[in-house]
Every structure is written in structure tokens, then in C-alpha cells.
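With mmCIF, C-alpha atoms inside, this is coords.cif:
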```cif
data_start
#
loop_
_atom_site.label_atom_id
_atom_site.label_comp_id
_atom_site.auth_asym_id
_atom_site.auth_seq_id
_atom_site.Cartn_x
_atom_site.Cartn_y
_atom_site.Cartn_z
CA MET A 27 44.67 136.66 251.62
CA SER A 28 46.74 139.77 250.94
CA VAL A 29 48.78 140.37 247.79
CA TRP A 30 51.72 138.93 249.74
CA GLY A 31 49.82 135.69 250.16
CA ILE A 32 49.13 135.67 246.41
CA PHE A 33 52.83 136.21 245.68
CA ALA A 34 53.89 133.50 248.12
CA LEU A 35 51.49 130.93 246.70
CA GLY A 36 51.98 131.97 243.07
CA GLY A 37 55.75 131.99 243.58
CA LEU A 38 55.63 128.56 245.17
CA PHE A 39 53.59 127.12 242.27
CA THR A 40 55.98 128.71 239.78
CA PHE A 41 59.05 127.41 241.56
CA ALA A 42 57.47 123.95 241.73
CA THR A 43 57.05 123.85 237.93
CA ARG A 44 60.68 124.91 237.43
CA PHE A 45 62.06 122.49 240.01
CA SER A 46 59.75 119.57 239.10
CA PHE A 47 61.81 117.52 236.66
CA ILE A 48 65.19 118.83 237.79
CA TYR A 49 64.33 117.24 241.13
CA ALA A 50 62.55 114.16 239.83
CA LEU A 51 64.89 113.08 237.06
CA GLY A 52 65.97 109.52 237.32
CA ARG A 53 62.72 108.64 239.04
CA VAL A 54 60.11 110.20 236.72
CA ARG A 55 60.18 111.01 233.02
CA ILE A 56 57.91 113.66 231.58
CA PRO A 57 54.86 111.81 230.15
CA PRO A 58 54.61 112.34 226.36
CA ALA A 59 50.98 113.52 226.61
CA LEU A 60 51.97 116.22 229.14
CA HIS A 61 54.91 117.22 226.96
CA ARG A 62 52.61 117.72 223.97
CA ALA A 63 49.99 119.59 226.01
CA LEU A 64 52.48 122.04 227.53
CA ARG A 65 53.36 123.35 224.08
CA PHE A 66 49.84 124.81 223.86
CA VAL A 67 49.91 126.62 227.19
CA PRO A 68 51.44 129.93 226.01
CA PRO A 69 49.22 130.51 222.94
CA ALA A 70 46.11 129.41 224.87
CA VAL A 71 46.75 131.57 227.92
CA LEU A 72 47.81 134.63 225.96
CA SER A 73 44.79 134.45 223.63
CA ALA A 74 42.45 133.93 226.56
CA ILE A 75 43.62 137.30 227.84
CA ILE A 76 43.77 139.13 224.51
CA PHE A 77 40.25 138.34 223.25
CA PRO A 78 38.19 139.78 226.14
CA GLU A 79 40.55 142.77 226.52
CA VAL A 80 40.09 143.68 222.89
CA LEU A 81 36.58 142.49 221.99
CA MET A 82 34.63 143.38 225.12
CA THR A 83 33.59 146.62 226.77
CA ASP A 84 32.37 146.55 230.37
CA GLY A 85 31.93 142.78 230.24
CA ARG A 86 29.88 142.74 227.03
CA LEU A 87 30.83 141.72 223.50
CA ASP A 88 31.65 144.86 221.52
CA ALA A 89 32.75 144.09 217.99
CA GLY A 90 31.48 147.30 216.36
CA LEU A 91 33.56 149.98 214.68
CA GLY A 92 33.09 152.17 217.74
CA ASN A 93 35.41 149.83 219.65
CA HIS A 94 38.73 151.62 219.34
CA ARG A 95 40.67 148.89 221.17
CA MET A 96 39.55 146.35 218.56
CA LEU A 97 40.65 148.59 215.68
CA ALA A 98 43.97 149.40 217.33
CA ALA A 99 44.55 145.69 218.02
CA ALA A 100 43.90 144.96 214.33
CA VAL A 101 46.65 147.45 213.45
CA ALA A 102 48.97 145.81 215.99
CA LEU A 103 48.09 142.36 214.62
CA ALA A 104 49.09 143.45 211.11
CA VAL A 105 52.39 144.82 212.41
CA ALA A 106 53.03 141.67 214.46
CA ALA A 107 52.32 139.38 211.50
CA ARG A 108 54.62 141.41 209.28
CA THR A 109 57.55 142.21 211.58
CA LYS A 110 57.26 139.48 214.29
CA LYS A 111 58.76 142.12 216.55
CA VAL A 112 57.41 143.01 219.96
CA LEU A 113 58.19 146.69 220.36
CA PRO A 114 56.94 147.87 216.94
CA THR A 115 53.74 145.90 217.62
CA ILE A 116 53.15 147.60 220.98
CA ALA A 117 54.09 151.03 219.60
CA ALA A 118 51.74 150.68 216.61
CA GLY A 119 48.83 149.54 218.79
CA MET A 120 49.31 152.27 221.40
CA ALA A 121 49.68 154.96 218.72
CA ALA A 122 46.57 153.73 216.88
CA LEU A 123 44.50 153.79 220.08
CA LEU A 124 45.71 157.27 220.97
CA LEU A 125 44.96 158.54 217.47
CA LEU A 126 41.49 156.95 217.35
CA SER A 127 40.53 158.41 220.71
CA ARG A 128 41.69 161.88 219.58
CA LEU A 129 39.68 161.59 216.35
CA GLY A 130 36.56 160.03 217.81
CA MET B 13 84.85 132.55 242.29
CA SER B 14 88.03 132.05 240.33
CA GLY B 15 89.48 131.07 236.97
CA PRO B 16 87.31 128.73 234.90
CA LYS B 17 84.24 129.27 237.11
CA ALA B 18 84.33 133.02 236.58
CA ALA B 19 85.01 132.53 232.88
CA ALA B 20 81.97 130.25 232.54
CA PHE B 21 79.80 132.66 234.58
CA TRP B 22 80.69 135.65 232.39
CA ALA B 23 80.26 133.59 229.23
CA GLY B 24 76.72 132.93 230.47
CA VAL B 25 76.15 136.63 231.08
CA ARG B 26 77.40 137.43 227.57
CA ALA B 27 75.21 134.74 225.98
CA GLU B 28 72.20 136.16 227.80
CA SER B 29 72.82 139.81 227.00
CA PRO B 30 71.17 139.99 223.54
CA LEU B 31 68.01 138.59 225.12
CA LEU B 32 68.05 141.30 227.77
CA LEU B 33 67.31 143.96 225.15
CA GLY B 34 63.92 142.38 224.60
CA VAL B 35 63.26 141.76 228.29
CA PHE B 36 64.02 145.26 229.54
CA PRO B 37 60.98 147.03 228.04
CA PHE B 38 58.73 144.18 229.30
CA GLY B 39 59.99 144.75 232.81
CA MET B 40 59.26 148.44 232.53
CA ILE B 41 55.75 147.84 231.18
CA TYR B 42 55.12 145.34 234.00
CA GLY B 43 56.31 147.84 236.62
CA ALA B 44 54.04 150.56 235.26
CA LEU B 45 51.04 148.20 234.97
CA ALA B 46 51.53 146.90 238.50
CA ARG B 47 51.38 150.44 239.89
CA ASP B 48 48.38 151.14 237.64
CA ALA B 49 46.70 148.07 239.15
CA GLY B 50 47.02 149.64 242.59
CA LEU B 51 49.95 147.62 243.92
CA SER B 52 52.34 149.45 246.23
CA VAL B 53 55.89 150.19 245.11
CA ALA B 54 57.19 147.45 247.41
CA ALA B 55 54.64 144.89 246.24
CA SER B 56 55.17 145.70 242.55
CA GLN B 57 58.89 145.16 242.97
CA ALA B 58 58.56 142.11 245.21
CA MET B 59 56.42 140.23 242.69
CA SER B 60 59.35 140.42 240.25
CA SER B 61 61.58 138.48 242.62
CA ILE B 62 59.04 136.19 244.30
CA VAL B 63 57.09 135.07 241.23
CA PHE B 64 59.79 136.04 238.69
CA GLY B 65 57.77 135.17 235.58
CA GLY B 66 56.99 137.97 233.13
CA SER B 67 53.64 137.09 231.58
CA SER B 68 52.28 135.62 234.82
CA GLN B 69 53.08 138.90 236.60
CA PHE B 70 51.18 140.89 233.95
CA VAL B 71 48.16 138.65 234.40
CA ALA B 72 48.37 138.71 238.20
CA ALA B 73 48.47 142.52 238.23
CA LYS B 74 45.41 142.63 236.00
CA LEU B 75 43.48 140.15 238.18
CA ILE B 76 44.47 142.01 241.36
CA LYS B 77 43.13 145.20 239.79
CA GLU B 78 39.84 143.38 239.08
CA SER B 79 39.72 142.08 242.67
CA ALA B 80 39.70 138.42 241.69
CA PRO B 81 39.96 135.98 244.63
CA ALA B 82 43.52 135.32 245.79
CA LEU B 83 43.38 131.57 245.21
CA VAL B 84 42.20 132.06 241.62
CA ILE B 85 45.04 134.50 240.98
CA ALA B 86 47.61 132.08 242.40
CA LEU B 87 46.17 129.23 240.29
CA THR B 88 46.20 131.42 237.20
CA ILE B 89 49.88 132.18 237.83
CA ALA B 90 50.47 128.43 238.06
CA VAL B 91 48.72 127.77 234.73
CA VAL B 92 50.58 130.57 232.95
CA ASN B 93 53.89 129.23 234.27
CA ALA B 94 53.17 125.53 233.69
CA ARG B 95 55.33 125.59 230.54
CA HIS B 96 58.40 125.77 232.78
CA MET B 97 57.98 122.03 233.38
CA LEU B 98 59.20 121.55 229.82
CA TYR B 99 62.36 123.50 230.53
CA SER B 100 62.82 121.67 233.80
CA ALA B 101 62.61 118.31 232.02
CA SER B 102 64.92 119.53 229.29
CA VAL B 103 67.79 120.73 231.51
CA ALA B 104 67.35 118.00 234.13
CA GLU B 105 69.87 115.58 232.63
CA TYR B 106 72.54 118.29 232.54
CA VAL B 107 72.20 119.34 236.18
CA ARG B 108 71.60 115.84 237.49
CA ALA B 109 74.92 115.46 239.33
CA LEU B 110 74.81 118.88 241.04
CA PRO B 111 74.21 119.27 244.78
CA LEU B 112 70.67 120.11 245.86
CA ARG B 113 71.49 123.76 246.63
CA TRP B 114 72.59 124.27 243.02
CA LYS B 115 69.46 122.56 241.72
CA LEU B 116 67.30 124.84 243.87
CA LEU B 117 69.14 127.95 242.73
CA LEU B 118 69.10 127.07 239.02
CA ALA B 119 65.42 126.06 239.20
CA TYR B 120 64.57 129.49 240.65
CA LEU B 121 66.44 131.14 237.75
CA LEU B 122 64.86 128.91 235.06
CA THR B 123 62.95 131.49 232.99
CA ASP B 124 62.23 131.34 229.24
CA GLU B 125 65.27 133.45 228.44
CA ALA B 126 67.74 131.79 230.83
CA TYR B 127 66.61 128.41 229.52
CA ALA B 128 67.18 129.56 225.94
CA ALA B 129 70.81 130.50 226.66
CA ALA B 130 71.56 127.52 228.93
CA ILE B 131 70.17 124.81 226.65
CA VAL B 132 72.12 126.09 223.63
CA HIS B 133 75.28 125.87 225.74
CA TYR B 134 74.49 122.41 227.13
CA GLU B 135 73.56 120.99 223.73
CA ALA B 136 76.83 122.23 222.27
CA GLU B 137 79.12 121.35 225.17
CA GLY B 138 77.37 118.57 227.07
CA VAL B 139 77.97 118.30 230.81
CA THR B 140 81.20 120.10 231.66
CA PRO B 141 82.75 120.76 235.10
CA HIS B 142 81.68 124.44 234.99
CA GLY B 143 78.54 124.31 232.81
CA HIS B 144 76.37 125.21 235.79
CA TRP B 145 78.33 128.46 236.21
CA PHE B 146 77.35 129.36 232.64
CA PHE B 147 73.69 128.64 233.48
CA LEU B 148 74.06 130.72 236.66
CA GLY B 149 75.56 133.63 234.70
CA ALA B 150 72.67 133.59 232.20
CA GLY B 151 70.12 133.34 235.03
CA VAL B 152 71.64 136.09 237.17
CA ALA B 153 71.94 138.43 234.16
CA LEU B 154 68.25 137.96 233.36
CA TRP B 155 67.25 138.28 237.02
CA THR B 156 69.16 141.54 237.45
CA CYS B 157 67.73 142.96 234.23
CA TRP B 158 64.20 142.06 235.35
CA GLN B 159 64.59 143.71 238.78
CA VAL B 160 66.13 146.89 237.38
CA SER B 161 63.61 147.25 234.57
CA THR B 162 60.73 146.63 237.00
CA ALA B 163 62.06 149.37 239.27
CA LEU B 164 62.32 151.81 236.38
CA GLY B 165 58.78 150.97 235.24
CA VAL B 166 57.44 151.38 238.76
CA PHE B 167 58.81 154.92 238.93
CA ALA B 168 58.31 155.92 235.28
CA GLY B 169 54.74 154.62 235.33
CA ALA B 170 53.63 157.47 237.54
CA ALA B 171 54.71 159.96 234.89
CA ILE B 172 52.59 158.43 232.13
CA PRO B 173 49.37 160.40 231.57
CA PRO B 174 46.12 158.38 231.88
CA SER B 175 45.11 159.41 228.33
CA TRP B 176 47.83 157.08 227.03
CA ARG B 177 45.71 154.12 228.16
CA LEU B 178 48.67 152.20 229.50
CA ASP B 179 46.54 149.15 230.35
CA PHE B 180 46.17 148.52 226.62
CA ALA B 181 49.88 147.60 226.58
CA LEU B 182 48.88 144.26 228.17
CA PRO B 183 46.90 142.77 225.25
CA LEU B 184 49.35 144.34 222.79
CA THR B 185 52.34 142.75 224.50
CA PHE B 186 50.62 139.38 224.51
CA LEU B 187 49.56 139.80 220.88
CA ALA B 188 53.17 140.40 219.94
CA MET B 189 54.18 137.28 221.85
CA VAL B 190 51.49 134.97 220.47
CA VAL B 191 51.56 135.86 216.76
CA PRO B 192 55.04 134.40 216.05
CA THR B 193 54.03 131.10 217.72
CA LEU B 194 51.09 130.55 215.34
CA LYS B 195 53.07 128.34 213.01
CA ASP B 196 50.80 125.32 212.64
CA ARG B 197 47.11 124.45 212.68
CA ALA B 198 47.17 122.93 216.16
CA VAL B 199 48.68 126.01 217.79
CA ALA B 200 46.36 128.34 215.88
CA GLY B 201 43.40 126.17 216.93
CA ALA B 202 44.51 126.29 220.57
CA ALA B 203 44.80 130.08 220.45
CA LEU B 204 41.46 130.62 218.71
CA THR B 205 39.57 128.19 220.95
CA ALA B 206 41.02 129.72 224.10
CA GLY B 207 40.11 133.22 222.88
CA LEU B 208 36.52 132.30 222.02
CA VAL B 209 35.98 130.37 225.25
CA ALA B 210 37.40 133.35 227.16
CA LEU B 211 34.66 135.52 225.61
CA LEU B 212 31.92 132.98 226.34
CA ALA B 213 33.18 132.24 229.86
CA PHE B 214 33.88 135.84 230.78
CA ALA B 215 30.95 135.97 233.18
CA LEU B 216 32.06 132.89 235.13
CA PRO B 217 32.40 133.66 238.83
CA TYR B 218 35.72 134.35 240.52
CA LYS B 219 37.42 135.18 237.20
CA LEU B 220 37.71 131.47 236.49
CA GLY B 221 37.01 132.12 232.80
CA LEU B 222 40.69 132.54 232.07
CA ILE B 223 41.64 129.15 233.46
CA ALA B 224 38.66 127.50 231.73
CA ALA B 225 39.65 129.12 228.42
CA ALA B 226 43.27 128.08 228.78
CA PHE B 227 42.32 124.44 229.37
CA ALA B 228 39.86 124.51 226.44
CA GLY B 229 42.62 125.86 224.20
CA ILE B 230 45.12 123.24 225.35
CA ALA B 231 42.54 120.49 224.75
CA ALA B 232 41.73 121.82 221.27
CA GLY B 233 45.41 121.99 220.33
CA THR B 234 46.03 118.45 221.56
CA LEU B 235 43.02 117.10 219.60
CA LEU B 236 44.01 118.91 216.41
CA GLU B 237 47.56 117.61 216.66
CA ARG B 238 46.39 114.05 217.19
CA ARG B 239 44.24 114.21 214.06
CA ALA B 240 47.00 115.68 211.91
#
```
Would you mind writing the structure in this file as C-alpha cells?
Amino acid sequence: MSVWGIFALGGLFTFATRFSFIYALGRVRIPPALHRALRFVPPAVLSAIIFPEVLMTDGRLDAGLGNHRMLAAAVALAVAARTKKVLPTIAAGMAALLLLSRLG
Amino acid sequence: MSGPKAAAFWAGVRAESPLLLGVFPFGMIYGALARDAGLSVAASQAMSSIVFGGSSQFVAAKLIKESAPALVIALTIAVVNARHMLYSASVAEYVRALPLRWKLLLAYLLTDEAYAAAIVHYEAEGVTPHGHWFFLGAGVALWTCWQVSTALGVFAGAAIPPSWRLDFALPLTFLAMVVPTLKDRAVAGAALTAGLVALLAFALPYKLGLIAAAFAGIAAGTLLERRA
């Protein structure tokens, strides 16, 4: 399957989630258990991407001080917790990584 | 489009516009990352209109770069976008009486940000004769912003030197999105579990670790909430 196949299928799945209850209302109500579970999708998915990106190098756990991405992510985490703002968080993390790689 | 319809449409555009400020840089980062992942200009741009879901496009670009199997990538997109069912259920009662072509159009435009503007309007006004034009205005504003910002990112991305480590913008963007949601124990538990399982399951074949981790996180959050 080419990237176009991926887009077509991924787009179809995405559209189906958006259309689901708009289409089905009156016939189906969203089950309470599903409603509760869906709340956890964003934090779960996002963390599942963040952890390996930040704590692994070439597919292996790398939690030492030589891991610049981990240190830069810690800086970004502090900024995110303090400001709750997206752009300062990204800017701080990118700047920290750039600085660390210049130093080290 | 005349009179009250146009007025409702532009009110929707105006209600959406503060949200566009936050969306624009995301679109640019996506565009740059998609090119960095090896997608063509046309494909990078097309994903923004075919899939039209910010975080899922980031993840798809990353998985394409890592040569994950197509079916796994499509399923991962589905998992990342599953939350839209909540929005669909939430707006359903307000769009119930509309013709099918309107339901199809509004469903396509039902992103996080369009939902945010539309639901505030519906909750304040209820079902009005032109409420769907407001929803359309919010959706079209977001859609246009996403396409334009993607295009800018696609072209600007080429000018960014490799030493800037652009791919690091992905976890940083997601970090900035997830931290404000960590308001209670159940959500924090879901995030932590998913992260740890993602590390443990990293070596799973076909890049299935991400889906496994997401489901583990969702299960952990549900269990923690039930006990609370």
C-alpha cells in the first residue's frame, strides 16, 4: 500500500469516528463505558509517543545524562507545567537541545 | 449565501479565529516534519485534507519515516482520532434535523477546535435555523488555516538546517499538549502507563507498540477512575 492508501484508509477511519454518532443518533446512544474510556485516549496516545522519543536511543533505553533529548525534554516539561503554553514549551525544548549539542 | 446565513457563517469564523493562532504553528511544524519524513510535497499537503487531524498526521509522518506497515499506520491514525466520537455524540442532537449532505460536511469538519467553537454556540443558543452555518464557518476557518499553515511548513521546512533537530519538535509538541490535561490521578495514570508500556513494547513487530501502549493507558485510566 502506498502513502495514498494509508491516507485513504486513515482518512476513512477518521471520518467514521466523526460521523459515527451524528449519523446514529436516535438509534444508538454512546455507551457510558466508551464515553469514559475515550477521555483517556489523548493522554495515553501522546505519552506513548513521547516516552520512547525522549528516553530511548536507537531502540534502547537511554536514561543517562548523556541523553540530550531527555534533558531538553525535562526543561520543556518544566516550562509546560509552569506556563501551560505550547509555543514556549517547544521553543524551550528546541533551544535546550541545540545548546546541549553545542556544548557536548 | 445571504442575510442571516452569512451572518451566522461569519460569526462562526470570528469565534474560531482566536483558536487559529494556536493551530497555525502546529500546521507549519506538521508540514516541515512530513517533508522531513520523506513525503512528497503533494502527499504532505494531501494528508492535511484527507486525514485532517493534527496529532494523527504527526504520528503518521513519523511511522511512515520508520517504514511501519501501512495497515498499522492507518490503525494508529484511527486510535489517535478515536476521541472524535465524543464530539460526534456531543453535537449529534444539534444537527439531528439537518439533511444528510450537511451531516457529512459537518462531520468532515469536526476537529477539536471546530468542536470547541460549535459546542459553545449550541449550548448557548440551542438549535436555531442557522446554527449549522455557524458550525460551518468555524469548521471552514480551521480547515483553511490548517491547509495554509501546512503549505507554509512544507516549503519553510526545507530551509531549516538539520542541526536544529526538527524531529524533536514532535515529542515537544505532544508534551505541551499532554501536560495541561494531567489534572487528576486517572489521567496521570493513563499517561504514565502508556509511556512505560511504550518503552517495554518498543520492540514489538510492525510498530504495534504504540497501539498496545495506548490501550494499556486507556485501561489503566479506566481502572483508576473506577476505584476513585
Exercise. How many Å lie between atom CA of B:Leu32 and atom CA of B:Ala128, rounded to one decimal?
Worked result: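 One can read the atom CA of B:Leu32 to atom CA of B:Ala128 distance as 11.9 Å.
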What do you get, as an mmCIF file with C-alpha atoms, keeping the file's coordinate frame, if you spell out every residue that the PyMOL selection byres ((chain B and resi 93) around 10) selects here?
```
data_model
loop_
_atom_site.group_PDB
_atom_site.id
_atom_site.type_symbol
_atom_site.label_atom_id
_atom_site.label_comp_id
_atom_site.auth_asym_id
_atom_site.auth_seq_id
_atom_site.Cartn_x
_atom_site.Cartn_y
_atom_site.Cartn_z
ATOM 1 C CA GLY A 36 51.980 131.970 243.070
ATOM 2 C CA GLY A 37 55.750 131.990 243.580
ATOM 3 C CA PHE A 39 53.590 127.120 242.270
ATOM 4 C CA THR A 40 55.980 128.710 239.780
ATOM 5 C CA PHE A 41 59.050 127.410 241.560
ATOM 6 C CA ALA A 42 57.470 123.950 241.730
ATOM 7 C CA THR A 43 57.050 123.850 237.930
ATOM 8 C CA ARG A 44 60.680 124.910 237.430
ATOM 9 C CA LEU A 64 52.480 122.040 227.530
ATOM 10 C CA VAL A 67 49.910 126.620 227.190
ATOM 11 C CA PRO A 68 51.440 129.930 226.010
ATOM 12 C CA VAL A 71 46.750 131.570 227.920
ATOM 13 C CA VAL B 63 57.090 135.070 241.230
ATOM 14 C CA GLY B 65 57.770 135.170 235.580
ATOM 15 C CA GLY B 66 56.990 137.970 233.130
ATOM 16 C CA SER B 67 53.640 137.090 231.580
ATOM 17 C CA SER B 68 52.280 135.620 234.820
ATOM 18 C CA GLN B 69 53.080 138.900 236.600
ATOM 19 C CA LEU B 87 46.170 129.230 240.290
ATOM 20 C CA THR B 88 46.200 131.420 237.200
ATOM 21 C CA ILE B 89 49.880 132.180 237.830
ATOM 22 C CA ALA B 90 50.470 128.430 238.060
ATOM 23 C CA VAL B 91 48.720 127.770 234.730
ATOM 24 C CA VAL B 92 50.580 130.570 232.950
ATOM 25 C CA ALA B 94 53.170 125.530 233.690
ATOM 26 C CA ARG B 95 55.330 125.590 230.540
ATOM 27 C CA HIS B 96 58.400 125.770 232.780
ATOM 28 C CA MET B 97 57.980 122.030 233.380
ATOM 29 C CA THR B 123 62.950 131.490 232.990
ATOM 30 C CA ASP B 124 62.230 131.340 229.240
#
```
Identify the residues around (42.8, 155.5, 217.8) within a radius of 12 Å, measuring from all atoms listed in the file in the coordinates stated by the file, and give them as an mmCIF file with C-alpha atoms, keeping the file's coordinate frame.
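Printed below is out-v2.cif as written:
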```cif
data_model
loop_
_atom_site.group_PDB
_atom_site.id
_atom_site.type_symbol
_atom_site.label_atom_id
_atom_site.label_comp_id
_atom_site.auth_asym_id
_atom_site.auth_seq_id
_atom_site.Cartn_x
_atom_site.Cartn_y
_atom_site.Cartn_z
ATOM 1 C CA LEU A 91 33.560 149.980 214.680
ATOM 2 C CA GLY A 92 33.090 152.170 217.740
ATOM 3 C CA ASN A 93 35.410 149.830 219.650
ATOM 4 C CA HIS A 94 38.730 151.620 219.340
ATOM 5 C CA ARG A 95 40.670 148.890 221.170
ATOM 6 C CA MET A 96 39.550 146.350 218.560
ATOM 7 C CA LEU A 97 40.650 148.590 215.680
ATOM 8 C CA ALA A 98 43.970 149.400 217.330
ATOM 9 C CA ALA A 99 44.550 145.690 218.020
ATOM 10 C CA ALA A 100 43.900 144.960 214.330
ATOM 11 C CA VAL A 101 46.650 147.450 213.450
ATOM 12 C CA ALA A 102 48.970 145.810 215.990
ATOM 13 C CA ALA A 118 51.740 150.680 216.610
ATOM 14 C CA GLY A 119 48.830 149.540 218.790
ATOM 15 C CA MET A 120 49.310 152.270 221.400
ATOM 16 C CA ALA A 121 49.680 154.960 218.720
ATOM 17 C CA ALA A 122 46.570 153.730 216.880
ATOM 18 C CA LEU A 123 44.500 153.790 220.080
ATOM 19 C CA LEU A 124 45.710 157.270 220.970
ATOM 20 C CA LEU A 125 44.960 158.540 217.470
ATOM 21 C CA LEU A 126 41.490 156.950 217.350
ATOM 22 C CA SER A 127 40.530 158.410 220.710
ATOM 23 C CA ARG A 128 41.690 161.880 219.580
ATOM 24 C CA LEU A 129 39.680 161.590 216.350
ATOM 25 C CA GLY A 130 36.560 160.030 217.810
ATOM 26 C CA SER B 175 45.110 159.410 228.330
ATOM 27 C CA TRP B 176 47.830 157.080 227.030
ATOM 28 C CA ARG B 177 45.710 154.120 228.160
ATOM 29 C CA PHE B 180 46.170 148.520 226.620
#
```
Seminar exercise, completed: Expressed in Å, the length from atom CA of B:Tyr42 to atom CA of B:Gly233 is 28.7 Å
Problem set entry | Minimum-distance residue to chain B, chosen among A:Arg108, A:Ile32, A:Pro114, A:Arg86 (using all atoms listed in the file) | A:Ile32
For this session: Let me know the residues the PyMOL selection byres ((chain B and resi 76) around 10) catches in the file above, as an MDAnalysis selection string.
Result: (chainID A and resid 29 32) or (chainID B and resid 46 49:51 71:75 77:82 85)
Can those selected residues be exported to a file as an mmCIF file, in the coordinates of the input so that it contains C-alpha atoms?
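What ended up in out33.cif:
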```cif
data_model
loop_
_atom_site.group_PDB
_atom_site.id
_atom_site.type_symbol
_atom_site.label_atom_id
_atom_site.label_comp_id
_atom_site.auth_asym_id
_atom_site.auth_seq_id
_atom_site.Cartn_x
_atom_site.Cartn_y
_atom_site.Cartn_z
ATOM 1 C CA VAL A 29 48.780 140.370 247.790
ATOM 2 C CA ILE A 32 49.130 135.670 246.410
ATOM 3 C CA ALA B 46 51.530 146.900 238.500
ATOM 4 C CA ALA B 49 46.700 148.070 239.150
ATOM 5 C CA GLY B 50 47.020 149.640 242.590
ATOM 6 C CA LEU B 51 49.950 147.620 243.920
ATOM 7 C CA VAL B 71 48.160 138.650 234.400
ATOM 8 C CA ALA B 72 48.370 138.710 238.200
ATOM 9 C CA ALA B 73 48.470 142.520 238.230
ATOM 10 C CA LYS B 74 45.410 142.630 236.000
ATOM 11 C CA LEU B 75 43.480 140.150 238.180
ATOM 12 C CA LYS B 77 43.130 145.200 239.790
ATOM 13 C CA GLU B 78 39.840 143.380 239.080
ATOM 14 C CA SER B 79 39.720 142.080 242.670
ATOM 15 C CA ALA B 80 39.700 138.420 241.690
ATOM 16 C CA PRO B 81 39.960 135.980 244.630
ATOM 17 C CA ALA B 82 43.520 135.320 245.790
ATOM 18 C CA ILE B 85 45.040 134.500 240.980
#
```
